[in-house]
Amino acid sequence: MPRLGVAYYPEQWPRDRWAVDATLMAEAGLSVVRMAEFSWSRLEPSPGELDFGWLDEAIELMAKNGLDVILGTPTAAPPAWLIEQHPEILPMRADGRVHPFGNRRHYCPNNPDYQQATREIVAALGQRYRSDERVIGWQIDNELGGRCFCEVCRAAFQEWLNDRYGSLQALNESWGTAFWSQTYSSWSQIPLPEGGPVPLPDGFLRASPNPSLALDFRRFVSDSYLRYLQLQLDALRARVEPCQPITTNLMGFRFPEIDYHALAESLDAVSWDNYPLLGRDGRWSSPALSADAMRGLKDAPVWVLEQQVGPLGWEVVRSPRRGQMRLCTYQAIAHGAELIVYFRWRTARYGTEQNWHGVLASDGWPGRRYRELAELGRELEGLSDALDGSAPTAEVAVLHDYDSRFALQVQPTNPALAYEDTVQRHYEALRRLGLGVDVIAPVHALSPYRLVVAPSLPVLDPALAESLRAYAKAGGCLVLGPRAGVRDRCNVVPERALPAWLDELAGVEVTDFASLLDEREVRFVGVDGLPAGTFRGWVEELQLSGARALALYAEGDFAETTAIASHAVGKGRVVYLGGAAELETLLGIYGVLAPEAGLSLRDLPEGVEAVPLEGPRLFLLNHADEERVVALDGPRRDLVSGTTAAGSVRLAPFAVALLEPVPAAVESG
Amino acid sequence: MPRLGVAYYPEQWPRDRWAVDATLMAEAGLSVVRMAEFSWSRLEPSPGELDFGWLDEAIELMAKNGLDVILGTPTAAPPAWLIEQHPEILPMRADGRVHPFGNRRHYCPNNPDYQQATREIVAALGQRYRSDERVIGWQIDNELGGRCFCEVCRAAFQEWLNDRYGSLQALNESWGTAFWSQTYSSWSQIPLPEGGPVPLPDGFLRASPNPSLALDFRRFVSDSYLRYLQLQLDALRARVEPCQPITTNLMGFRFPEIDYHALAESLDAVSWDNYPLLGRDGRWSSPALSADAMRGLKDAPVWVLEQQVGPLGWEVVRSPRRGQMRLCTYQAIAHGAELIVYFRWRTARYGTEQNWHGVLASDGWPGRRYRELAELGRELEGLSDALDGSAPTAEVAVLHDYDSRFALQVQPTNPALAYEDTVQRHYEALRRLGLGVDVIAPVHALSPYRLVVAPSLPVLDPALAESLRAYAKAGGCLVLGPRAGVRDRCNVVPERALPAWLDELAGVEVTDFASLLDEREVRFVGVDGLPAGTFRGWVEELQLSGARALALYAEGDFAETTAIASHAVGKGRVVYLGGAAELETLLGIYGVLAPEAGLSLRDLPEGVEAVPLEGPRLFLLNHADEERVVALDGPRRDLVSGTTAAGSVRLAPFAVALLEPVPAAVESG
Amino acid sequence: MPRLGVAYYPEQWPRDRWAVDATLMAEAGLSVVRMAEFSWSRLEPSPGELDFGWLDEAIELMAKNGLDVILGTPTAAPPAWLIEQHPEILPMRADGRVHPFGNRRHYCPNNPDYQQATREIVAALGQRYRSDERVIGWQIDNELGGRCFCEVCRAAFQEWLNDRYGSLQALNESWGTAFWSQTYSSWSQIPLPEGGPVPLPDGFLRASPNPSLALDFRRFVSDSYLRYLQLQLDALRARVEPCQPITTNLMGFRFPEIDYHALAESLDAVSWDNYPLLGRDGRWSSPALSADAMRGLKDAPVWVLEQQVGPLGWEVVRSPRRGQMRLCTYQAIAHGAELIVYFRWRTARYGTEQNWHGVLASDGWPGRRYRELAELGRELEGLSDALDGSAPTAEVAVLHDYDSRFALQVQPTNPALAYEDTVQRHYEALRRLGLGVDVIAPVHALSPYRLVVAPSLPVLDPALAESLRAYAKAGGCLVLGPRAGVRDRCNVVPERALPAWLDELAGVEVTDFASLLDEREVRFVGVDGLPAGTFRGWVEELQLSGARALALYAEGDFAETTAIASHAVGKGRVVYLGGAAELETLLGIYGVLAPEAGLSLRDLPEGVEAVPLEGPRLFLLNHADEERVVALDGPRRDLVSGTTAAGSVRLAPFAVALLEPVPAAVESG
């Protein structure tokens, strides 16, 4: 059964309140509490003067009430005295302004003074609680990220490049610095790129960095955080017991700055922060995709170390609807969370996050959210057996690639190709058909899946192409979106036919494309049963070289030529989509391809998410604020309500059902 | 009778033109001229070399033509030589860029060199005209404002905080610096906040200052201008005669940076600049609200030291319609102006304000605007008796609170809660019902009013709550908008039920809220005669604790619970609005509450403003560009047209009527 | 016959590929290749170490294949080692940030070190190829432009002002620095303006420079590039043979920073870069206007040194439609190009312009675009006789004035007055009526034209007014848009009736204006046959003083007064438009005025451009993606298709026809 917990900041409340809070937590059925992140100025009020007494006391109080503790290292917020000592710790933004003290994440991850200060505080904390049984895990820092453009970073970037390329000549050749006379004759000449392809206020002097440099800079920033994380991992692992797993709380699918696949390798467990209503569109597929992407980092259950529990927002606050907190908790569990820590216990009375509402209101009174949480805890206890044996299952994989994301940040090319939206559209279409979906790195083993989708893979190399070929040849169904293989790992256009390294596999060659303004659409008609559909913003002209047409353009410059191609490869097939498909179109495409790959679909009404589990059980989550009726293919018992349904099940607004097949004997009864 | 005048800049025109201008002014019936603001480089062409000759001559010429003079101190535009001597006088913007010479307001109010230079030029000017009978008043500087972020300001802010909190411990506790490890161990560590909650270009490094610090910084900026103003007041008062009242021209209700209530205390008279068409929406309620807010600063007639007279604008010019200049002058008079100085006499031929058109066009020819002004002067002379005995009257007060405005600048929370729009909506609804309205500080005496409205009072304290309680208990009707009392004076959430300190008085407790995206609306139905209406963007769940429901939510998570509550308190009542009400909804609410408070309403067509005066007279102002008919409750004489009307009065587009009751004898005749 | 060529960057490709490329170029019928721009780091890999070997070889290879060479000077991209030596070469943006290395145009044109480095590399290049017969011309730098705000520029601006005004007193008087106390007592006090009238993030501290200073700064920036160009011209002319004409590639009509009329004077030939699909609206009139404006710089055929050949764009890529490349080439030829160099030969595999697609795709394969180009070359060869004798003809001139543009950049006044849009609207209306149009400087000889239109001429002086008067008096028809003469050459409002210096000529005086928000419209009705129409955003009140009304306002404050006036002057007339007319309205106005001026109109369907040539021949270009039918007034032979048409000609989507009259004998046959 998944455990529930809360983020708690004892340093923000009077000491005589702590016992009340611990008791209330215990009474609500919570069993985990996260503490100490952001508490550096309390742990070390002045240089070298360490004070663990308050934390000892808080841990002791929690333990007395049966609560296990996860400790955070406090490095996301260096104290004022440290910044005063070493002002150059403050990071520099892309526009050259220093990010000042008074916020958080006010550090450059490459700054040596900060790295030294980090080593010391983390070592002290690790030493103190190294074998404390009440401490069941560590969270390093908090939501790593933020691009720094300081001189230390510039020098570190030059060194990073030296490591990567070995010589300036190799770098000049790899980047093609002959273009615009950018050849470097010393490492110190290499600049940082500016902050992305945003037009500058005085128009004509555009910031248009070399795309190879810009891609490498993104990798370097990502690596900088990997190294900074490793520094803390080293400091902890040299001290703490292996029974205290170490993680850092990630930020889901949409966070664009760090290669989480690389970062997750060094962690003992993956954890992340889930704010389902912060996303701009509020679609249920957004937290679902994040949950699956985080689970896919290690193919293992994850911890949610911050789960939204109330209204929140920065400038503007958004409120969940009644019942949405419970629904989102179930969604996280359905997608593989084994621990859910709500952010936060009590709403802060002061500080920037006054509008991030906790389980308790700021007045400390246990109100509606507290009561609902306690009720949810009891409900989950009742489902404990079912949930323990029911991890989410998937026969479909969606490939998620950071190099491709970074490259599209440098050259968006067309809004219709936006990485995050593209992946989410494919993901949502697959989920809406009732399929189990994993979201994984391209280097992940593909053989477990009947269907593998690469919605956006502009950056490719021969090795990856070979692994995709092997997958298809062995019987898999591989779906490729447009623009596959348009760049190599240096962000250089391959000197070969597109999709580069995949053209033979896909049985097509891209001979032209149309990038359409204002995301204008182009209709296509299906062949051999594929329904008609539309591409939007981007279409490609495909020349068949082995594949057959699954769809033909119905209009535009490419009218009557292939829009979608299917190529039989070994025991499997490769489908190449010649354009940016809309959600409805993808539903039509996968509605044909998935059954052909041997997958069964479900007929789900809009707003209802289905998550197939081992068991075989099935979560149904109604994200609509209206009742929904879901057709069933046989009698099912709903373990949440305890009722049994035959032809269909009714779901109230924001309701959840956990269905399991009813044995034949029961059915006839 | 209100006096009319113009802003005149003799230093911008050839000396031989001055006499022509003075004669034309006199012939148009003007009696006041404002001069010398922005003239520092003419008064002191080089360091210490003072030249008053030109100003002596200009004053003399004006006096000869019967024009009294108001002198401005020239400190809004320090001369180039002073900036060259002390470049650090230039203020620093929030983004770290220096505001350069070549504009205006290019000074830091805390800069000691500038303060010294200010003392000297103001003392010299005061000394020169200290007992000059032709000078009837002083205007200090011009439109004080502008947030500076320089190092001098940072040090001054730290000192200001030291004065306010006494110790770092007190500050750390008051601000809750335990949050995000922001505890300060020396005053010098305290940063300035950055410029508001605007997202930064490189997203992830957000500027999210501590809201207590951010609120105090706004107070500090406001106080900086109060101190800078005081410095000039001291320099003048040490010299000039008390018969020369001293003011500074304020900027109406919408200017958000300075606590005008505090500032006005030190002035002899309140004056302001009225550009009715500069507001983004051009609603008549905008200048009306400003006029009432300025009058409310001292409960006394005000001077309009700049009144729009023609087309104007910065990047884009906007033109008034024919007749609007006259209408806006009458509006200013109706709301309590005793002096109207038009900006400006003649349109500038050069400089940034070429598009701020004056009474004369830039060619110097007396054209349409001149003729209309002269005609208006004659018209006002005919109304002189009526106007002298007719100050605006009010039985309703709207509370205007700068701490609450500043707090909402730091945390907007929801667009529906925008301070200025919220207050204007309530104000406009009350005025559209024909009510006389004062706009006052919360600490103002409330007993004169039958109805007191606090549309937005997020920042509260027990003392203010007590004064509101006393008002209601004594028989007043108090209306509270949502979010009352959600912060204390340190911008910290009170540790008690909301509306904090007012919950018992309002007889409700706010148990939940919904902050709705895109300002979505929620309907409510009325109880006991209150009409149905809608809230937009923000609704609260109210638990009755003594109050009774005046309205119930008709939809949403709070459906069927109380949307508006009324609580009988002593001889009076308190009404709590659970959401952000639209204008139409407020018309419905006040249409019931005001009569219950003993107030009479008027039935006014859209676009017609009614301002009740002592007398009892009544101004009717038709802001529509179509004819409007206003129903009368008895025969009235229109002092403007000289006609008498019975059942109704017709107003041409942009027309004005000043009605007074017709004595019974006349009526029957 | 116009020659075709390509931009080629041998330094970006392996040396063993060059011969393949040269052969392919020759086979496609190309005869010109542009090389060496942006190649500084290849020409001079380290300080003083010159390497011409690769360029010698490339030129030799081209020559062998019959290709003439145009050489670019490489100064648009100074190499990294030079920036490392002299970092202050990097220009400063308006916001104070240095434009870093890693882009292009990263130099300040006033920097003395850069000027010296420029002299040296240009002299070396000139010396090397001074009498090389294979080199048929020189292109200096690339797309000059970019406003620099560094301290060197500030000092240079102060010196430029000293040259212009002679004394500070003259400058203070000319600029009216009495306004806002901006009088300068030393040259060093004079600041640079900030970047235009854009509101700053912290609102109240506005950047509102003196408009005279702001206009002079724009002139200074323009002059800085003229001087920098001259420096290169001097270096080349001291060396190269006169048979190698020197140019620099300009950027068409929309580029707003340099006075191309002044710049073109020093060039041997005008050349420009034509990207017809980069414009925001994609209207055919945009490249047409640019082509005519560039041709008008010297009244001579121009070179297009970069002509779009495929999809391109910065952040977002836009694709031409099939056939548009051919159509746009014909359009350039029709408007007077004698050389068309496509940008670029092969799509770059690396660097910022990966998305600027060339004749070959990046894989180097000769595909569709290559085949189409070869076909076009053959087609043009067939038209060679006709094209050699057929320059575009014009009986209408549109005046294009940089001072007026710069002044409107400083004070946009109303969006409806936007300079570029206003000129393009008039231009497009005239072209849609089938008229031949020149776009010329106001000082150009006007007598060749039956109709001269000044759509926007806010900056005027008596000399120009006199030349306009002489034109009309001699029998011309002059059309003036609103706002003529509202500023003098110092950006000061003239002290006289508007339109200043033209009021007598136009027979009207502007007595008032209305600047309407949101570009609201005002209808007018015609008089004496002029059709009704609308002005949008801007209308003026006209008092007739000799002219007669051609149209009367139908609504608004000026209803029933003159909206358009016509004044008979000598043998000609002057028409004054009292407002900002929309395209449809201009079609109506010119539909009457042009025939009255003796011009014949054509009836053209939407999307079809007609360009009359000497001959008399006529180009018809169908920019629509649908078939269009154009009525003919007699039988014509289409030299492109070789067919003959009588009453009308059918044009397929994106098709072109080159019509010439059929001799009577042929006609009857």
# chains A, B, ... in the order shown; residues from 1 in each chain; ligands from 1

call {"tool": "select_by_dssp", "arguments": {"residues": "stretch 236-472 of chain B", "states": "alpha helix (DSSP H)", "output": "ChimeraX atom specification"}}
result
/B:236-237,260-264,285-298,324-334,368-382,384-388,402-410,419-432,462-472

call {"tool": "residues_around", "arguments": {"residues": "B:Ala655", "least_positions_apart": "2", "cutoff": "9 Å", "atoms": "only C-alpha atoms", "output": "list in words"}}
result
Gly323, Gln324, Arg326, Leu327, Leu620, Leu621, Asn622, His623, Ala624, Glu627, Leu651, Ala652, Pro653 and Ala657 of chain B

call {"tool": "write_last_selection", "arguments": {"atoms": "C-alpha atoms", "output": "mmCIF file, in the first residue's frame"}}
result
data_model
loop_
_atom_site.group_PDB
_atom_site.id
_atom_site.type_symbol
_atom_site.label_atom_id
_atom_site.label_comp_id
_atom_site.auth_asym_id
_atom_site.auth_seq_id
_atom_site.Cartn_x
_atom_site.Cartn_y
_atom_site.Cartn_z
ATOM 1 C CA GLY B 323 -17.200 69.509 -25.880
ATOM 2 C CA GLN B 324 -15.269 67.091 -23.687
ATOM 3 C CA ARG B 326 -15.746 71.777 -21.091
ATOM 4 C CA LEU B 327 -17.436 68.692 -19.687
ATOM 5 C CA LEU B 620 -25.715 66.272 -14.304
ATOM 6 C CA LEU B 621 -22.891 65.456 -16.711
ATOM 7 C CA ASN B 622 -23.586 63.588 -19.930
ATOM 8 C CA HIS B 623 -20.433 61.690 -20.861
ATOM 9 C CA ALA B 624 -22.178 59.905 -23.734
ATOM 10 C CA GLU B 627 -28.534 62.744 -26.141
ATOM 11 C CA LEU B 651 -28.889 66.536 -22.124
ATOM 12 C CA ALA B 652 -27.161 66.939 -25.465
ATOM 13 C CA PRO B 653 -23.970 64.907 -26.056
ATOM 14 C CA ALA B 657 -26.750 70.856 -16.290
#

call {"tool": "interface_residues", "arguments": {"of": "chain A", "to": "chain B", "cutoff": "6 Å", "atoms": "only C-alpha atoms", "output": "list in words"}}
result
Gln12, Phe38, Ser39, Trp40, Ser41, Ala77, Pro79, Gly102, Asn103, Gly146, Glu315, Val316, Val317, Arg318, Ser319, Arg349, Tyr350, Gly351, Thr352 and Asp363 of chain A

call {"tool": "select_by_dssp", "arguments": {"residues": "stretch 495-580 of chain B", "states": "strand (DSSP E)", "output": "PyMOL selection string"}}
result
chain B and resi 508-515+521-526+533-544+548-553+562-569+572-577+579-580

call {"tool": "residues_around", "arguments": {"residues": "A:Arg378", "least_positions_apart": "5", "cutoff": "9 Å", "atoms": "only C-alpha atoms", "output": "PyMOL selection string"}}
result
chain A and resi 28-29+373+383

call {"tool": "write_last_selection", "arguments": {"atoms": "N, CA, C and O atoms", "output": "PDB file, in the first residue's frame"}}
result
ATOM      1  N   ALA A  28      -4.240  11.431  11.199  1.00  0.00           N
ATOM      2  CA  ALA A  28      -4.741  11.380   9.818  1.00  0.00           C
ATOM      3  C   ALA A  28      -4.203  10.173   9.074  1.00  0.00           C
ATOM      4  O   ALA A  28      -4.507   9.985   7.897  1.00  0.00           O
ATOM      5  N   GLY A  29      -3.376   9.368   9.745  1.00  0.00           N
ATOM      6  CA  GLY A  29      -2.873   8.169   9.089  1.00  0.00           C
ATOM      7  C   GLY A  29      -1.604   8.383   8.296  1.00  0.00           C
ATOM      8  O   GLY A  29      -1.185   7.503   7.544  1.00  0.00           O
ATOM      9  N   LEU A 373      -8.119  14.234   3.762  1.00  0.00           N
ATOM     10  CA  LEU A 373      -6.881  13.462   3.733  1.00  0.00           C
ATOM     11  C   LEU A 373      -6.987  12.247   4.653  1.00  0.00           C
ATOM     12  O   LEU A 373      -6.585  11.131   4.292  1.00  0.00           O
ATOM     13  N   LEU A 383      -7.744  -0.602   0.513  1.00  0.00           N
ATOM     14  CA  LEU A 383      -7.348  -1.100  -0.809  1.00  0.00           C
ATOM     15  C   LEU A 383      -5.948  -1.707  -0.786  1.00  0.00           C
ATOM     16  O   LEU A 383      -5.411  -2.087  -1.838  1.00  0.00           O
TER      17      LEU A 383
END

call {"tool": "closest_residue", "arguments": {"among": "A:Ala124, A:Val341, A:Leu601, A:Val508", "to": "A:Tyr8", "atoms": "only C-alpha atoms"}}
result
A:Val341

call {"tool": "atom_distance", "arguments": {"atom1": "atom CA of A:Gly436", "atom2": "atom CA of A:His400"}}
result
16.1 Å

call {"tool": "residues_around", "arguments": {"residues": "B:Ala470", "least_positions_apart": "5", "cutoff": "10 Å", "atoms": "only C-alpha atoms", "output": "PyMOL selection string"}}
result
chain B and resi 446-447+464-465+475-476+505+569-570+572

call {"tool": "residues_around", "arguments": {"residues": "stretch 106-112 of chain B", "least_positions_apart": "2", "cutoff": "9 Å", "atoms": "only C-alpha atoms", "output": "PyMOL selection string"}}
result
(chain B and resi 75-78+83+88-92+99-104+114-117+146-150+152-153+156+221+224-225+227-228) or (chain C and resi 205)

call {"tool": "residues_around", "arguments": {"residues": "B:Glu395", "least_positions_apart": "4", "cutoff": "9 Å", "atoms": "only C-alpha atoms", "output": "VMD selection string"}}
result
chain B and resid 435 to 438 448 to 452 599

call {"tool": "atom_distance", "arguments": {"atom1": "atom CA of C:Ala549", "atom2": "atom CA of C:Gly533"}}
result
14.3 Å

call {"tool": "closest_residue", "arguments": {"among": "B:Ala559, B:Leu4, B:Leu430, B:Cys243", "to": "B:Leu583", "atoms": "only C-alpha atoms"}}
result
B:Leu430

call {"tool": "residues_around", "arguments": {"residues": "B:Asp259", "least_positions_apart": "6", "cutoff": "10 Å", "atoms": "only C-alpha atoms", "output": "ChimeraX atom specification"}}
result
/B:218-219,221-223,225-226,401-403,405-406

call {"tool": "atom_distance", "arguments": {"atom1": "atom CA of B:Ser467", "atom2": "atom CA of B:Val423"}}
result
20.4 Å
